[in-house]
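**Student:** My structure file structure.tsv, TSV, C-alpha atoms, is below:
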```
chain	number	residue	atom	x	y	z
A	1	MET	CA	18.08	16.30	8.29
A	2	ILE	CA	16.16	19.37	7.30
A	3	GLN	CA	12.62	19.54	8.58
A	4	GLU	CA	9.83	20.60	6.30
A	5	LYS	CA	9.90	24.34	5.93
A	6	ARG	CA	6.92	26.11	7.35
A	7	GLY	CA	4.88	28.50	5.28
A	8	GLU	CA	6.34	27.48	1.93
A	9	ASP	CA	5.25	29.85	-0.83
A	10	LEU	CA	2.59	27.85	-2.62
A	11	SER	CA	1.80	30.30	-5.40
A	12	GLN	CA	3.68	28.14	-7.89
A	13	VAL	CA	1.54	25.12	-7.04
A	14	LYS	CA	-1.49	26.98	-8.35
A	15	SER	CA	0.21	27.77	-11.64
A	16	ILE	CA	1.27	24.10	-11.96
A	17	LEU	CA	-2.31	22.97	-11.32
A	18	ASP	CA	-3.63	25.45	-13.88
A	19	ARG	CA	-1.72	23.61	-16.58
A	20	TYR	CA	-3.62	20.35	-16.00
A	21	PRO	CA	-7.26	19.36	-16.34
A	22	ARG	CA	-8.94	18.11	-13.17
A	23	GLU	CA	-8.38	14.44	-13.94
A	24	ARG	CA	-6.81	11.80	-11.79
A	25	ARG	CA	-4.52	10.57	-14.58
A	26	PHE	CA	-2.46	13.77	-14.35
A	27	LEU	CA	-1.57	13.15	-10.70
A	28	LEU	CA	1.93	11.82	-11.33
A	29	ALA	CA	2.76	14.62	-13.79
A	30	ILE	CA	1.57	17.22	-11.28
A	31	LEU	CA	3.61	15.68	-8.45
A	32	GLN	CA	6.70	15.57	-10.69
A	33	ASP	CA	6.28	19.27	-11.49
A	34	ILE	CA	5.92	20.14	-7.81
A	35	GLN	CA	8.96	18.04	-6.97
A	36	LYS	CA	10.94	19.86	-9.64
A	37	THR	CA	9.87	23.29	-8.45
A	38	TYR	CA	10.28	22.81	-4.70
A	39	ASN	CA	12.79	19.93	-4.58
A	40	TYR	CA	10.22	18.03	-2.54
A	41	LEU	CA	6.47	17.73	-2.05
A	42	PRO	CA	5.37	20.20	0.62
A	43	ARG	CA	2.48	18.87	2.62
A	44	GLU	CA	0.28	21.89	1.96
A	45	ALA	CA	0.92	21.39	-1.75
A	46	LEU	CA	-0.41	17.83	-1.50
A	47	ASN	CA	-3.55	19.18	0.14
A	48	GLU	CA	-3.95	21.63	-2.76
A	49	VAL	CA	-3.58	18.81	-5.28
A	50	ARG	CA	-6.11	16.72	-3.39
A	51	ASP	CA	-8.66	19.52	-3.45
A	52	TYR	CA	-7.97	20.29	-7.11
A	53	LEU	CA	-8.34	16.71	-8.36
A	54	GLY	CA	-10.94	15.67	-5.80
A	55	ILE	CA	-9.14	12.46	-4.86
A	56	PRO	CA	-8.32	11.10	-1.41
A	57	LEU	CA	-5.11	12.17	0.30
A	58	SER	CA	-4.22	8.51	0.77
A	59	SER	CA	-3.80	8.04	-3.01
A	60	LEU	CA	-1.39	10.97	-3.11
A	61	TYR	CA	0.58	9.66	-0.17
A	62	SER	CA	0.64	6.22	-1.73
A	63	MET	CA	2.10	7.58	-4.96
A	64	ALA	CA	4.49	9.97	-3.23
A	65	THR	CA	6.00	7.11	-1.24
A	66	PHE	CA	6.05	4.68	-4.16
A	67	TYR	CA	8.29	6.59	-6.57
A	68	LYS	CA	11.89	7.31	-5.68
A	69	ALA	CA	11.78	10.43	-7.83
A	70	LEU	CA	9.25	11.93	-5.42
A	71	SER	CA	10.25	12.99	-1.95
A	72	LEU	CA	8.31	14.19	1.07
A	73	LYS	CA	11.37	15.72	2.68
A	74	PRO	CA	13.34	18.57	1.08
A	75	LYS	CA	16.21	17.45	-1.11
A	76	GLY	CA	19.34	19.46	-1.65
A	77	THR	CA	19.66	22.03	-4.41
A	78	TYR	CA	22.09	19.62	-6.00
A	79	VAL	CA	21.12	15.97	-5.88
A	80	ILE	CA	24.18	13.74	-6.11
A	81	LYS	CA	23.33	10.28	-7.36
A	82	VAL	CA	26.15	7.80	-7.07
A	83	CYS	CA	25.57	4.72	-9.16
A	84	ASP	CA	25.96	1.53	-7.16
A	85	GLY	CA	24.99	-0.89	-9.92
A	86	THR	CA	27.11	-3.98	-10.49
A	87	ALA	CA	29.66	-2.37	-12.81
A	88	CYS	CA	30.06	0.77	-10.71
A	89	HIS	CA	30.14	-1.24	-7.50
A	90	ILE	CA	33.01	-3.36	-8.79
A	91	ARG	CA	34.87	-0.30	-9.99
A	92	GLY	CA	34.73	1.35	-6.61
A	93	SER	CA	31.51	3.32	-6.15
A	94	MET	CA	31.82	2.77	-2.39
A	95	ASP	CA	35.06	4.74	-2.41
A	96	LEU	CA	33.25	7.62	-4.11
A	97	ILE	CA	30.55	7.53	-1.47
A	98	ASP	CA	33.16	7.50	1.30
A	99	GLU	CA	34.89	10.47	-0.29
A	100	ILE	CA	31.64	12.43	-0.54
A	101	ARG	CA	30.81	11.49	3.03
A	102	LYS	CA	34.17	12.81	4.12
A	103	LEU	CA	33.83	16.06	2.18
A	104	LEU	CA	30.19	16.90	2.83
A	105	SER	CA	29.45	14.86	5.98
A	106	VAL	CA	26.36	13.25	4.47
A	107	SER	CA	25.39	9.62	4.14
A	108	PRO	CA	23.21	8.26	1.36
A	109	GLY	CA	19.62	9.43	1.88
A	110	GLU	CA	20.67	12.58	3.74
A	111	VAL	CA	20.93	16.29	2.98
A	112	THR	CA	23.83	18.53	3.98
A	113	LYS	CA	23.15	20.93	6.84
A	114	ASP	CA	23.18	23.92	4.50
A	115	GLY	CA	20.59	22.21	2.31
A	116	ARG	CA	22.73	22.45	-0.82
A	117	PHE	CA	23.56	18.80	-1.48
A	118	SER	CA	21.74	15.55	-1.01
A	119	LEU	CA	23.32	12.16	-1.55
A	120	GLU	CA	21.60	9.11	-2.97
A	121	THR	CA	22.69	5.79	-4.33
A	122	VAL	CA	20.93	4.44	-7.38
A	123	ASN	CA	21.02	0.98	-8.88
A	124	CYS	CA	22.07	1.82	-12.43
A	125	VAL	CA	22.13	4.91	-14.60
A	126	GLY	CA	22.71	2.96	-17.80
A	127	SER	CA	26.25	4.19	-18.32
A	128	CYS	CA	28.15	1.12	-17.21
A	129	ALA	CA	30.94	1.76	-19.73
A	130	LEU	CA	31.78	4.92	-17.77
A	131	ALA	CA	31.83	3.15	-14.41
A	132	PRO	CA	32.03	4.37	-11.74
A	133	VAL	CA	29.45	7.06	-12.48
A	134	MET	CA	28.03	9.92	-10.48
A	135	VAL	CA	25.18	12.20	-11.58
A	136	ILE	CA	24.66	15.66	-10.16
A	137	ASN	CA	21.21	16.94	-11.06
A	138	ASP	CA	21.28	16.06	-14.76
A	139	LYS	CA	25.01	16.10	-15.40
A	140	TYR	CA	26.94	12.83	-15.68
A	141	TYR	CA	30.49	12.33	-14.39
A	142	GLY	CA	32.13	9.07	-15.52
A	143	ASN	CA	35.39	7.19	-15.05
A	144	LEU	CA	35.71	8.77	-11.63
A	145	LYS	CA	38.41	8.41	-9.08
A	146	PRO	CA	37.81	9.49	-5.48
A	147	ALA	CA	40.45	12.20	-5.89
A	148	MET	CA	38.34	13.86	-8.60
A	149	VAL	CA	35.27	14.27	-6.42
A	150	LYS	CA	36.49	17.29	-4.48
A	151	GLU	CA	37.07	19.37	-7.58
A	152	ILE	CA	33.71	18.46	-9.07
A	153	LEU	CA	31.92	19.42	-5.86
A	154	ALA	CA	33.92	22.65	-5.72
A	155	GLY	CA	32.39	23.44	-9.13
A	156	TYR	CA	29.02	23.48	-7.37
A	157	GLY	CA	30.31	25.82	-4.70
A	158	GLY	CA	31.29	22.99	-2.38
A	159	ILE	CA	30.04	23.12	1.13
A	160	ARG	CA	29.94	26.48	2.83
A	161	GLY	CA	32.48	26.96	5.57
A	162	ASP	CA	36.03	25.84	5.98
A	163	TRP	CA	36.33	23.66	2.95
A	164	ASP	CA	40.05	23.08	3.12
A	165	THR	CA	40.46	22.05	6.73
A	166	LYS	CA	38.96	18.62	5.94
B	1	MET	CA	-22.04	-25.27	-19.01
B	2	ARG	CA	-20.50	-28.41	-17.55
B	3	VAL	CA	-17.23	-28.52	-15.71
B	4	ILE	CA	-15.61	-31.29	-13.75
B	5	ILE	CA	-14.06	-30.29	-10.43
B	6	ASP	CA	-12.15	-33.02	-8.59
B	7	GLY	CA	-14.09	-35.65	-10.56
B	8	LYS	CA	-17.46	-34.12	-9.70
B	9	GLU	CA	-19.69	-32.80	-12.46
B	10	CYS	CA	-20.77	-29.22	-11.78
B	11	GLU	CA	-23.02	-26.74	-13.55
B	12	ALA	CA	-21.41	-23.36	-14.22
B	13	GLY	CA	-22.57	-20.16	-15.90
B	14	TYR	CA	-20.47	-18.63	-18.68
B	15	GLY	CA	-17.78	-16.42	-17.15
B	16	GLU	CA	-18.35	-17.67	-13.62
B	17	TYR	CA	-15.20	-18.04	-11.53
B	18	ILE	CA	-13.96	-21.52	-10.65
B	19	LEU	CA	-13.88	-20.73	-6.92
B	20	ASP	CA	-17.56	-19.78	-6.82
B	21	VAL	CA	-18.62	-22.92	-8.66
B	22	ALA	CA	-16.47	-25.11	-6.42
B	23	ARG	CA	-17.85	-23.54	-3.24
B	24	ARG	CA	-21.43	-23.95	-4.44
B	25	ASN	CA	-20.70	-27.64	-4.91
B	26	GLY	CA	-19.13	-28.09	-1.53
B	27	ILE	CA	-15.57	-28.41	-2.80
B	28	HIS	CA	-13.09	-26.72	-0.52
B	29	ILE	CA	-10.38	-24.46	-1.95
B	30	PRO	CA	-8.35	-22.57	0.66
B	31	THR	CA	-8.34	-18.75	0.37
B	32	LEU	CA	-7.03	-15.80	2.33
B	33	CYS	CA	-7.75	-12.63	0.40
B	34	HIS	CA	-11.14	-13.72	-0.91
B	35	SER	CA	-14.16	-11.93	0.46
B	36	GLY	CA	-17.70	-12.57	-0.73
B	37	ALA	CA	-18.35	-8.82	-0.59
B	38	LEU	CA	-15.16	-7.85	-2.42
B	39	PRO	CA	-14.40	-10.73	-4.78
B	40	GLY	CA	-11.50	-11.01	-7.17
B	41	GLN	CA	-8.70	-9.51	-5.10
B	42	GLY	CA	-6.41	-12.27	-6.35
B	43	SER	CA	-3.34	-11.37	-4.36
B	44	CYS	CA	-2.77	-14.22	-1.90
B	45	ARG	CA	-2.54	-16.92	-4.65
B	46	LEU	CA	-3.61	-19.58	-2.15
B	47	CYS	CA	-6.57	-20.64	-4.27
B	48	ILE	CA	-4.52	-21.94	-7.21
B	49	VAL	CA	-5.93	-24.97	-9.03
B	50	GLU	CA	-4.97	-27.01	-12.04
B	51	VAL	CA	-7.08	-26.60	-15.17
B	52	ALA	CA	-7.08	-29.13	-18.02
B	53	GLU	CA	-8.42	-27.73	-21.25
B	54	ALA	CA	-7.94	-29.23	-24.73
B	55	GLY	CA	-5.36	-31.70	-23.44
B	56	LYS	CA	-3.22	-29.00	-21.82
B	57	LYS	CA	-2.78	-28.49	-18.11
B	58	LYS	CA	-2.13	-25.12	-16.50
B	59	VAL	CA	-2.17	-23.60	-13.04
B	60	VAL	CA	-4.60	-20.73	-12.52
B	61	VAL	CA	-5.92	-18.61	-9.67
B	62	SER	CA	-9.42	-19.97	-9.12
B	63	CYS	CA	-10.90	-16.75	-7.70
B	64	LEU	CA	-10.09	-14.92	-10.94
B	65	TYR	CA	-10.35	-17.59	-13.64
B	66	PRO	CA	-13.60	-17.32	-15.56
B	67	ILE	CA	-15.08	-20.51	-16.98
B	68	THR	CA	-15.62	-20.12	-20.70
B	69	GLY	CA	-15.48	-23.71	-21.88
B	70	GLU	CA	-15.70	-27.29	-20.73
B	71	ILE	CA	-12.75	-27.72	-18.43
B	72	GLU	CA	-11.56	-30.18	-15.87
B	73	VAL	CA	-10.33	-28.75	-12.60
B	74	THR	CA	-8.16	-30.39	-9.97
B	75	THR	CA	-7.93	-28.56	-6.68
B	76	ASN	CA	-5.57	-30.82	-4.79
B	77	SER	CA	-3.16	-32.56	-7.17
B	78	GLU	CA	0.39	-33.32	-6.13
B	79	ARG	CA	1.61	-30.33	-8.16
B	80	ILE	CA	-0.92	-27.95	-6.61
B	81	TYR	CA	-0.16	-29.20	-3.12
B	82	ARG	CA	3.54	-28.57	-3.65
B	83	MET	CA	3.00	-25.10	-5.06
B	84	ARG	CA	0.46	-24.16	-2.43
B	85	ARG	CA	2.81	-25.34	0.27
B	86	ASN	CA	5.44	-22.97	-1.07
B	87	ILE	CA	2.95	-20.11	-1.12
B	88	VAL	CA	1.97	-20.82	2.49
B	89	ARG	CA	5.63	-20.92	3.42
B	90	LEU	CA	6.29	-17.53	1.84
B	91	LEU	CA	3.17	-16.00	3.37
B	92	ALA	CA	4.20	-17.39	6.76
B	93	ALA	CA	7.69	-15.96	6.35
B	94	ARG	CA	6.17	-12.57	5.62
B	95	ALA	CA	3.50	-12.64	8.34
B	96	PRO	CA	3.89	-15.52	10.79
B	97	SER	CA	1.67	-14.16	13.52
B	98	GLY	CA	-1.93	-14.40	12.24
B	99	GLU	CA	-4.11	-17.25	13.54
B	100	PHE	CA	-5.17	-18.41	10.10
B	101	ILE	CA	-1.58	-18.45	8.86
B	102	LYS	CA	-0.54	-20.51	11.87
B	103	LYS	CA	-3.29	-23.02	11.10
B	104	LEU	CA	-2.25	-23.23	7.45
B	105	ARG	CA	1.34	-23.72	8.48
B	106	GLU	CA	0.39	-26.68	10.64
B	107	GLU	CA	-1.83	-28.09	7.93
B	108	TYR	CA	0.98	-27.99	5.39
B	109	GLY	CA	3.67	-29.04	7.84
B	110	ILE	CA	5.86	-26.03	7.34
B	111	PRO	CA	8.92	-25.92	9.59
B	112	GLU	CA	10.26	-22.90	11.42
B	113	GLU	CA	11.60	-20.38	8.91
B	114	THR	CA	15.37	-20.27	8.92
B	115	ARG	CA	16.17	-18.96	5.49
B	116	PHE	CA	14.46	-15.55	5.65
B	117	LYS	CA	14.49	-12.87	8.29
B	118	VAL	CA	11.11	-13.03	9.95
B	119	ASP	CA	9.25	-10.42	11.96
B	120	GLU	CA	7.48	-12.63	14.50
B	121	LYS	CA	4.84	-10.00	15.30
B	122	GLU	CA	3.83	-9.30	11.70
B	123	LYS	CA	0.30	-10.31	10.71
B	124	CYS	CA	-0.27	-8.43	7.45
B	125	ILE	CA	0.13	-10.34	4.19
B	126	LEU	CA	-0.38	-7.14	2.13
B	127	CYS	CA	-3.36	-8.51	0.24
B	128	GLY	CA	-4.88	-5.03	0.08
B	129	LEU	CA	-8.40	-6.10	0.98
B	130	CYS	CA	-8.62	-3.43	3.70
B	131	VAL	CA	-7.63	-0.69	1.26
B	132	ARG	CA	-10.30	-1.88	-1.13
B	133	ALA	CA	-12.97	-2.07	1.58
B	134	CYS	CA	-12.23	1.52	2.59
B	135	GLU	CA	-12.37	2.62	-1.03
B	136	GLU	CA	-15.73	0.86	-1.55
B	137	ILE	CA	-17.13	2.65	1.47
B	138	GLY	CA	-16.10	5.83	-0.31
B	139	LEU	CA	-13.45	7.11	2.06
B	140	SER	CA	-10.02	5.76	1.09
B	141	ALA	CA	-8.63	6.75	4.45
B	142	ILE	CA	-5.84	4.17	4.12
B	143	SER	CA	-3.65	3.01	1.27
B	144	THR	CA	-0.51	1.03	0.63
B	145	VAL	CA	2.61	3.11	1.18
B	146	ASN	CA	6.23	2.63	0.12
B	147	ARG	CA	7.13	-0.33	-2.03
B	148	GLY	CA	9.19	-3.48	-2.04
B	149	THR	CA	10.31	-4.74	1.33
B	150	THR	CA	9.06	-1.63	3.15
B	151	LYS	CA	5.55	-1.72	1.68
B	152	LYS	CA	2.74	-1.57	4.20
B	153	VAL	CA	-0.79	-0.38	4.72
B	154	ALA	CA	-1.07	2.96	6.48
B	155	PRO	CA	-3.01	6.23	6.62
B	156	PRO	CA	-1.48	9.34	4.96
B	157	PHE	CA	1.69	10.47	6.75
B	158	GLU	CA	1.09	7.60	9.16
B	159	GLU	CA	-0.93	9.90	11.34
B	160	PRO	CA	-4.44	9.24	12.68
B	161	PRO	CA	-6.44	9.45	9.43
B	162	GLU	CA	-8.66	12.49	8.95
B	163	ASP	CA	-10.96	10.75	6.47
B	164	CYS	CA	-11.59	7.72	8.71
B	165	ILE	CA	-15.03	7.28	10.31
B	166	GLY	CA	-13.95	4.40	12.54
B	167	CYS	CA	-16.27	1.88	10.90
B	168	ALA	CA	-13.59	-0.85	11.22
B	169	SER	CA	-14.53	-2.41	7.88
B	170	CYS	CA	-10.82	-2.73	7.17
B	171	ALA	CA	-10.36	-4.84	10.30
B	172	TYR	CA	-13.51	-6.81	9.51
B	173	VAL	CA	-12.35	-7.94	6.05
B	174	CYS	CA	-8.74	-8.58	7.09
B	175	PRO	CA	-8.09	-12.32	6.76
B	176	THR	CA	-5.25	-12.35	9.28
B	177	GLY	CA	-6.53	-9.96	11.95
B	178	ALA	CA	-3.69	-7.55	11.27
B	179	ILE	CA	-5.60	-4.33	11.96
B	180	GLU	CA	-5.95	-3.53	15.60
B	181	VAL	CA	-9.27	-2.31	16.99
B	182	GLN	CA	-9.77	-1.59	20.65
B	183	GLU	CA	-13.06	-0.81	22.32
B	184	PHE	CA	-13.45	0.40	25.87
B	185	GLU	CA	-15.60	2.83	27.84
B	186	GLY	CA	-17.68	3.88	24.87
B	187	LYS	CA	-14.67	4.49	22.67
B	188	ARG	CA	-13.19	2.74	19.68
B	189	VAL	CA	-9.53	3.17	18.80
B	190	ILE	CA	-8.40	2.26	15.31
B	191	TRP	CA	-5.44	3.56	13.30
B	192	ASN	CA	-4.39	5.43	16.44
B	193	ARG	CA	-7.49	7.54	16.34
B	194	ALA	CA	-10.18	7.45	19.02
B	195	PHE	CA	-13.87	7.53	18.10
B	196	GLU	CA	-16.85	8.07	20.33
B	197	LEU	CA	-19.26	5.11	20.21
B	198	LEU	CA	-23.03	5.58	20.23
B	199	LYS	CA	-25.46	3.29	22.01
B	200	CYS	CA	-28.28	1.54	20.23
B	201	ALA	CA	-31.56	3.24	21.15
B	202	GLY	CA	-33.19	-0.18	21.41
B	203	CYS	CA	-30.88	-2.42	23.42
B	204	GLY	CA	-28.40	0.11	24.79
B	205	ARG	CA	-25.37	-1.68	23.37
B	206	TYR	CA	-22.47	0.38	21.97
B	207	PHE	CA	-22.35	-0.41	18.27
B	208	ILE	CA	-21.52	2.51	15.97
B	209	THR	CA	-19.18	5.51	15.99
B	210	ARG	CA	-20.67	9.00	15.80
B	211	GLN	CA	-18.83	9.68	12.54
B	212	GLN	CA	-20.11	6.46	11.02
B	213	TYR	CA	-23.67	7.26	12.05
B	214	GLU	CA	-23.47	10.73	10.50
B	215	TYR	CA	-21.81	9.36	7.36
B	216	ILE	CA	-24.54	6.77	6.76
B	217	LYS	CA	-27.24	9.37	7.33
B	218	ASN	CA	-25.68	11.85	4.90
B	219	LYS	CA	-24.56	9.44	2.23
B	220	HIS	CA	-27.64	7.31	1.93
B	221	GLY	CA	-30.16	9.85	3.15
B	222	ILE	CA	-31.53	7.20	5.48
B	223	ASP	CA	-33.92	8.73	7.95
B	224	MET	CA	-32.58	7.47	11.25
B	225	LYS	CA	-33.92	9.47	14.15
B	226	GLU	CA	-31.75	7.51	16.53
B	227	PRO	CA	-29.08	4.88	16.08
B	228	LEU	CA	-30.45	1.34	16.00
B	229	CYS	CA	-28.30	-1.77	15.77
B	230	ASP	CA	-29.03	-4.44	13.17
B	231	ARG	CA	-31.07	-6.60	15.47
B	232	CYS	CA	-33.17	-3.78	16.90
B	233	ARG	CA	-33.76	-2.35	13.44
B	234	GLN	CA	-35.07	-5.70	12.25
B	235	LYS	CA	-37.28	-5.88	15.29
B	236	SER	CA	-38.71	-2.41	14.76
B	237	THR	CA	-39.33	-3.09	11.06
B	238	ALA	CA	-41.11	-6.31	11.94
B	239	GLU	CA	-43.26	-4.52	14.49
B	240	LYS	CA	-44.21	-1.88	11.93
B	241	LEU	CA	-45.23	-4.61	9.50
B	242	ILE	CA	-47.39	-6.31	12.11
B	243	HIS	CA	-49.22	-3.03	12.68
B	244	LEU	CA	-49.91	-2.78	8.97
B	245	LEU	CA	-51.59	-6.18	8.88
```
If you convert what's in this file into structure tokens, what do you get?
**Tutor:**
Amino acid sequence: MIQEKRGEDLSQVKSILDRYPRERRFLLAILQDIQKTYNYLPREALNEVRDYLGIPLSSLYSMATFYKALSLKPKGTYVIKVCDGTACHIRGSMDLIDEIRKLLSVSPGEVTKDGRFSLETVNCVGSCALAPVMVINDKYYGNLKPAMVKEILAGYGGIRGDWDTK
Amino acid sequence: MRVIIDGKECEAGYGEYILDVARRNGIHIPTLCHSGALPGQGSCRLCIVEVAEAGKKKVVVSCLYPITGEIEVTTNSERIYRMRRNIVRLLAARAPSGEFIKKLREEYGIPEETRFKVDEKEKCILCGLCVRACEEIGLSAISTVNRGTTKKVAPPFEEPPEDCIGCASCAYVCPTGAIEVQEFEGKRVIWNRAFELLKCAGCGRYFITRQQYEYIKNKHGIDMKEPLCDRCRQKSTAEKLIHLL
């Protein structure tokens, strides 16, 4: 798994903070913006937020670990969410996960070595009629069969390296 | 205002909590997360009682239920016993290792847990009293992290907490002794951070960490030329008063 990058450029954190008043109630919105910009919450960014809002670091850490949408480790450029809710599970979401594992060598919760994809399972995306469903960033792919996964991932550039030997 | 608790007539102020009235009248209601200094945590649910009001009975948490009318309270009915037994069982499944939990388990005759996976070493019931104590002190060096089955109390990034002054209030309020504090050779170790202990200028006993001493001085502006423990401070105040007379 990718370690936190050192010396992340934090200039964007300042411009995010500038958009919000110094009030505790904006904490979640700020963290969401940082997550969106950096694909994770860099530790130095959390320190900046703490100093800006004047709240203890423990509250930030508490919130950052509470919400699944927030992550303390870098996520991939493309976040693949495979739905493993009841409907998708029955219609073979595990086969999708196995296929992705085979193609990208990542397990749920991990990031590919090149940092381009991360794989997660989620409990329902509310599209049970399309089961099994996979979401990449904000795009939904429904009625999937394992054989379709490779082409979809190729649309995102696939994994760098010898793609076809697998 | 009159309330009846377990058949006993008690006087209660408007808005007073059942638990406080019961305790004042010598009626025992078991609690875990209740602390006189930090009341109303309401997370352990051990203090449930049955309240009869206008012919209707309901189960409430006595540490959080304000008395606003003439009610009749039963603290140990069959129904309450059964429910409380279940609560003890669940708490014991979560954290079987604390002394108080063990005692409760014996008291309620709860057998070895076979249905749930149990971590035999776990002591924390996640009541959050420690987090609140730290917040009251004004530091918030610890908080609850994660959620669901992985929820726990920890400092940020689970590293020795920067904001901690080693006062050990968190360990002091913990009802199950889940927070480890070690003291040896003039040092106190808590949350994996070591603090230097200062000796009392009166009796020479180690009693306060340097950070705690500085924090009290700065926060409250108390003029302490040298650290004095509770007992020696009382003694020195008394001596000063005698001189005044």
**Student:** Find the residues in chain A near chain B: any atom within 10 Å counts, using only C-alpha atoms. Write them as a short mmCIF file (atom, residue, chain, number, x, y, z; two decimals) with C-alpha atoms, in the frame of the given file.
**Tutor:**
```cif
data_model
loop_
_atom_site.label_atom_id
_atom_site.label_comp_id
_atom_site.auth_asym_id
_atom_site.auth_seq_id
_atom_site.Cartn_x
_atom_site.Cartn_y
_atom_site.Cartn_z
CA ARG A 43 2.48 18.87 2.62
CA ILE A 55 -9.14 12.46 -4.86
CA PRO A 56 -8.32 11.10 -1.41
CA LEU A 57 -5.11 12.17 0.30
CA SER A 58 -4.22 8.51 0.77
CA SER A 59 -3.80 8.04 -3.01
CA LEU A 60 -1.39 10.97 -3.11
CA TYR A 61 0.58 9.66 -0.17
CA SER A 62 0.64 6.22 -1.73
CA MET A 63 2.10 7.58 -4.96
CA ALA A 64 4.49 9.97 -3.23
CA THR A 65 6.00 7.11 -1.24
CA PHE A 66 6.05 4.68 -4.16
CA TYR A 67 8.29 6.59 -6.57
CA LYS A 68 11.89 7.31 -5.68
CA LEU A 72 8.31 14.19 1.07
#
```
**Student:** Of the candidates A:Tyr141, A:Tyr156, A:Tyr40, A:Tyr52, which one gets nearest to Ser15 of chain A if we count all atoms listed in the file?
**Tutor:**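 Nearest to Ser15 of chain A: A:Tyr52.
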**Student:** Up to 10 Å from (-4.5, -31.4, -10.7) in the file's coordinates: name the residues, counting all atoms listed in the file, as a PyMOL selection string.
**Tutor:** chain B and resi 5-6+49-52+57-59+72-81
**Student:** In terms of the shortest atom-to-atom distance over all atoms listed in the file, which of A:Lys14, A:Lys73, A:Arg22, A:Arg91 is closest to Leu144 of chain A?
**Tutor:**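 Closest residue, counting all atoms listed in the file: A:Arg91.
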**Student:** Need to verify the contact set: Leu96 of chain A, 9 Å, all atoms listed in the file, exclusion of same-chain residues closer than 6 positions in sequence. Can you return it as a PyMOL selection string?
**Tutor:** chain A and resi 82+132+134+144-147+149
**Student:** Find the residues around segment 200-203 of chain B up to 7 Å (all atoms listed in the file counted), leave out those fewer than 2 positions away in its own chain, and share them as a list of chain:residue names.
**Tutor:**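 Residues meeting the cut-off are B:Leu198, B:Arg205, B:Tyr206, B:Phe207, B:Glu226, B:Pro227, B:Leu228, B:Cys229, B:Cys232.
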**Student:** What does the structure give for the distance between atom CA of Arg45 of chain B and atom CA of Met1 of chain B, in Å to one decimal?
**Tutor:**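 These two atoms are separated by 25.6 Å.
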**Student:** Name the closest residue to Gly76 of chain A among the candidates A:Leu119, A:Cys124, A:Ala129, A:Leu153; distances are taken between atoms, counting all atoms listed in the file.
**Tutor:**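 Result for the nearest residue to Gly76 of chain A: A:Leu119.
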**Student:** Distance atom CA of Arg94 of chain B-atom CA of Val61 of chain B, one decimal place?
**Tutor:**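 We find that atom CA of Arg94 of chain B and atom CA of Val61 of chain B lie 20.4 Å from each other.
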